[in-house]
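Colleague: Quick one: the structure is below, questions incoming.
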Amino acid sequence: MKLYNTLTKQVEEFVPHKKEEVTLYTCGPTVYNYAHIGNLRTYIFEDILEKTLRYIGYNVKRVMNITDVGHLVSDADAGEDKMLMSAKKEGKTMAEIADFYTKIFFDDITKLNIRKPDIIQKATDHIDQYIKMIKKLLEEGYAYQAGGNVYFDISRAKEYYQLSGKKEEDLLIGVRDDVTEDKNKRNPFDFGLWFTKSKFEEQEMKWESPWGLGYPGWHIECSGISIKYLGEYLDIHCGGVDNIFPHHTNEIVQSEAYLGHKWCNFWVHGEHLNDKTGKMSKSKGEFLTITLLESKGYQPIVYRFFCLQSHYRKQLVFTYESLDIATTSYNKLKSRVNNIENDDMSLDNNIIKNYQNKFKDALRSDLNTANALTCFYDLLKDNNVNNNTKLYLIKDFDKVLSLNLLDNQQETSPVLEKEINDLIKEREIAKNNKDYQKADQIRDTLSQKGVIVKDNKEGTIWELKK
């Protein structure tokens, strides 16, 4: 299998540390608000990666964290504490906020057919692990205490900017508005490992430590949880491109300083989902969530299909028009699948192997889901494949695609429903005017859209073709 490695900036042959087992760590949500569909695009790509690895024969052990303790907007102990901000806004404790939004997050990924990771751990359950790591980093001179806090000294990290490709001069205070000065630091880019002194004096979640009552920095959480459950050597670490710097950059240097050797071989990142104004976020425009899409009549599985039509490393622009197109395409695909009847013919093992190899080749090529879907469409139109073999392969491919392709229920978008209903009204008017030619033409148009029209005493009803 070949994957694009952010660390080396090239597509490389993936080789795990152990021959048949892959250790996979994926950054989980900070549970202070709903996940927007841009966040969820990342979890869809990670789900495809995990299922592909399993499909091609690896055992996969996947770990994901839940960040349920303060996560700063800026790494310089500046900006807003997301958990605290949400708790104040909603009049709840931080624990209540975390529990509520954690449940919503898992509801969302279930609707998108995303497999829950094998191991899911809350950041707040591993304080002892972070303290253990920070103590060793202090003992070996990689960290220092200042102003009541503990910081990692990035001057000890020779290749600090390798993952991000950034240059220090581009990040200096005055060059970027979002970099602020913390006078406790030796270097403005040093980052917090443990805070006892912070501008967030109302921080509810604090723990005793050798450095006083406080709480961990954001970055140490993922390193601690990954090392505890996946060991000293990690095969793949995933996340969105916005995690590359500083989060993943800081994870690398603190983990390797603690372990004394290279930690993770492959860093795999998913690109942004944009709206018409640019990068999607929780702070601007319409807050696009799975619940919002459902309220507008869209089915979550269609959003998954929409994402799979594009490569995970390409920026994708979301519009309701594009989701309508995806709905129509998905309906047509399911209609074709549902029209395949089992012919009780013997499975053709040569054909199965041939198509499985094509499907695997697409996914092995840096998770090219668009080509994997093309392979699927090629199968459907291949007249040399008997129906029983087709159904076997459809079920097999859907282990990775996870599009419910053999379920009978089909989906309609609000725009498609309105279009169907408008055409039916137009057909009723034509019938009342005895313009039967036009009425028949409208029926044909609806049929081409996969719609069956039925006239009865109560009027006209319609359903999608199966």
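Lettering and numbering for the structure tokens are positional, with chains as A, B, ... in the shown order, residues counted from 1 in each chain, and ligands counted from 1 in the shown order.
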If you count only C-alpha atoms, which residues fall within 10 Å of stretch 141-156 of chain A, apart from same-chain ones fewer than 5 positions away, as an MDAnalysis selection string?

Modeller: chainID A and resid 134:136 182:198 211:217 250 253:254 257:258

Colleague: Would you save the residues from that selection as a PDB file, in the first residue's frame, using C-alpha atoms?

Modeller:
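File again_34.pdb, as written:
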ATOM      1  CA  ILE A 134       6.777  15.552  31.737  1.00  0.00           C
ATOM      2  CA  LYS A 135       8.959  14.512  34.695  1.00  0.00           C
ATOM      3  CA  LYS A 136      11.269  12.603  32.346  1.00  0.00           C
ATOM      4  CA  ASP A 182       4.433  34.559  26.671  1.00  0.00           C
ATOM      5  CA  LYS A 183       7.284  36.117  28.661  1.00  0.00           C
ATOM      6  CA  ASN A 184       7.763  32.926  30.671  1.00  0.00           C
ATOM      7  CA  LYS A 185       9.165  31.164  27.617  1.00  0.00           C
ATOM      8  CA  ARG A 186      12.803  31.039  26.591  1.00  0.00           C
ATOM      9  CA  ASN A 187      11.720  30.869  22.977  1.00  0.00           C
ATOM     10  CA  PRO A 188       8.369  32.186  21.671  1.00  0.00           C
ATOM     11  CA  PHE A 189       7.703  28.799  20.026  1.00  0.00           C
ATOM     12  CA  ASP A 190       8.240  26.704  23.157  1.00  0.00           C
ATOM     13  CA  PHE A 191       4.958  25.102  24.141  1.00  0.00           C
ATOM     14  CA  GLY A 192       3.186  24.308  27.383  1.00  0.00           C
ATOM     15  CA  LEU A 193       3.306  20.839  28.904  1.00  0.00           C
ATOM     16  CA  TRP A 194       1.656  21.739  32.207  1.00  0.00           C
ATOM     17  CA  PHE A 195      -0.029  24.926  33.401  1.00  0.00           C
ATOM     18  CA  THR A 196      -0.376  26.045  36.998  1.00  0.00           C
ATOM     19  CA  LYS A 197      -0.426  29.751  36.129  1.00  0.00           C
ATOM     20  CA  SER A 198      -2.775  30.710  33.360  1.00  0.00           C
ATOM     21  CA  TRP A 211       4.613  21.537  39.866  1.00  0.00           C
ATOM     22  CA  GLY A 212       1.427  22.503  41.679  1.00  0.00           C
ATOM     23  CA  LEU A 213      -2.295  22.362  41.045  1.00  0.00           C
ATOM     24  CA  GLY A 214      -2.900  22.653  37.314  1.00  0.00           C
ATOM     25  CA  TYR A 215      -3.773  20.968  34.058  1.00  0.00           C
ATOM     26  CA  PRO A 216      -1.936  19.508  31.042  1.00  0.00           C
ATOM     27  CA  GLY A 217      -1.144  21.213  27.766  1.00  0.00           C
ATOM     28  CA  ASN A 250       4.738  19.261  19.006  1.00  0.00           C
ATOM     29  CA  VAL A 253       9.288  16.376  19.391  1.00  0.00           C
ATOM     30  CA  GLN A 254       7.944  15.608  22.865  1.00  0.00           C
ATOM     31  CA  ALA A 257      12.448  13.223  23.361  1.00  0.00           C
ATOM     32  CA  TYR A 258      10.624  11.019  25.864  1.00  0.00           C
TER      33      TYR A 258
END

Colleague: Would you kindly return, as a list in words, each protein, DNA or RNA residue with an atom no farther than 6 Å from any atom of A:Ser310, considering only C-alpha atoms and excluding same-chain residues fewer than 2 positions away?

Modeller: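 The filter keeps Cys307, Leu308 and Ala370 of chain A.
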
Colleague: From a backbone DSSP assignment, name each residue in stretch 249-429 of chain A labelled strand (DSSP E), as a list in words.

Modeller: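 Filtering stretch 249-429 of chain A to strand (DSSP E) leaves Cys264, Asn265, Phe266, Trp267, Val268, His269, Gly270, Leu273, Asn274, Asp275, Gly278, Lys279, Leu316 and Val317 of chain A.
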
Colleague: Let me make sure I understand: among A:Thr8, A:Thr389, A:Asn408, A:Thr67, which one has the smallest atom-to-atom distance to A:Lys334 if we use only C-alpha atoms?

Modeller: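 Closest residue, counting only C-alpha atoms: A:Asn408.
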
Colleague: Taking into account only C-alpha atoms, which residue in the set A:Glu208, A:Asp343, A:Asp440, A:Asp324 is nearest to A:Leu416?

Modeller: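 For A:Leu416, the nearest of the given residues is A:Asp324.
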
Colleague: Hey, which bits of stretch 182-260 of chain A sit within 9 Å of stretch 34-56 of chain A, and for each residue what's the closest pair of atoms and how far apart in Å (one decimal), counting only C-alpha atoms, rows by chain and increasing number, as a Markdown table?

Modeller:
| residue | atom | partner | partner_atom | distance |
| --- | --- | --- | --- | --- |
| A:Cys238 | CA | A:Glu46 | CA | 7.0 |
| A:Gly239 | CA | A:Thr42 | CA | 6.7 |
| A:Gly240 | CA | A:Thr42 | CA | 5.9 |

Colleague: Residues as selected, N, CA and C atoms, written as a PDB file, in the first residue's frame, can you do that?

Modeller:
ATOM      1  N   CYS A 238      -2.972  10.031  12.105  1.00  0.00           N
ATOM      2  CA  CYS A 238      -3.847  10.774  11.186  1.00  0.00           C
ATOM      3  C   CYS A 238      -4.444  12.011  11.850  1.00  0.00           C
ATOM      4  N   GLY A 239      -4.956  12.878  10.998  1.00  0.00           N
ATOM      5  CA  GLY A 239      -5.678  14.064  11.451  1.00  0.00           C
ATOM      6  C   GLY A 239      -5.958  14.967  10.280  1.00  0.00           C
ATOM      7  N   GLY A 240      -6.553  16.109  10.544  1.00  0.00           N
ATOM      8  CA  GLY A 240      -6.772  17.102   9.500  1.00  0.00           C
ATOM      9  C   GLY A 240      -5.523  17.931   9.287  1.00  0.00           C
TER      10      GLY A 240
END

Colleague: With DSSP run on the backbone, what are the alpha helix (DSSP H) residues within stretch 273-456 of chain A? I'd like them as a ChimeraX atom specification.

Modeller: /A:290-295,300-308,320-338,349-364,369-380,387-401,414-432,436-448

Colleague: Please list as a ChimeraX atom specification every residue within 9 Å of A:Ser226, counting only C-alpha atoms and excluding residues in the same chain fewer than 2 positions away.

Modeller: /A:24-25,63-65,221-224,228-232,234

Colleague: What are the nearest atom pairs, with distances in Å to one decimal, for all residues of stretch 256-317 of chain A that come at most 12 Å from stretch 417-437 of chain A, using only C-alpha atoms, set out by chain and rising residue number as JSON lines?

Modeller:
{"residue": "A:Lys296", "atom": "CA", "partner": "A:Glu417", "partner_atom": "CA", "distance": 11.6}
{"residue": "A:Gly297", "atom": "CA", "partner": "A:Glu417", "partner_atom": "CA", "distance": 9.5}
{"residue": "A:Tyr298", "atom": "CA", "partner": "A:Glu417", "partner_atom": "CA", "distance": 10.9}

Colleague: What is the atom CA of A:Val69-atom CA of A:Lys88 distance in Å, reported with one decimal?

Modeller: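 Separation of atom CA of A:Val69 and atom CA of A:Lys88: 14.2 Å.
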
Colleague: Do you have, as JSON lines, the list of residues of stretch 262-337 of chain A lying at most 12 Å from stretch 100-104 of chain A, each with its nearest atom pair and that distance in Å to one decimal, counting only C-alpha atoms and ordered by chain then number?

Modeller:
{"residue": "A:Thr289", "atom": "CA", "partner": "A:Ile104", "partner_atom": "CA", "distance": 10.7}
{"residue": "A:Ile290", "atom": "CA", "partner": "A:Ile104", "partner_atom": "CA", "distance": 10.1}
{"residue": "A:Thr291", "atom": "CA", "partner": "A:Ile104", "partner_atom": "CA", "distance": 9.6}

Colleague: Measuring between only C-alpha atoms, which one of A:Val11, A:Leu363, A:Met345, A:Leu163 shows the shortest distance to A:Cys264?

Modeller: A:Leu163
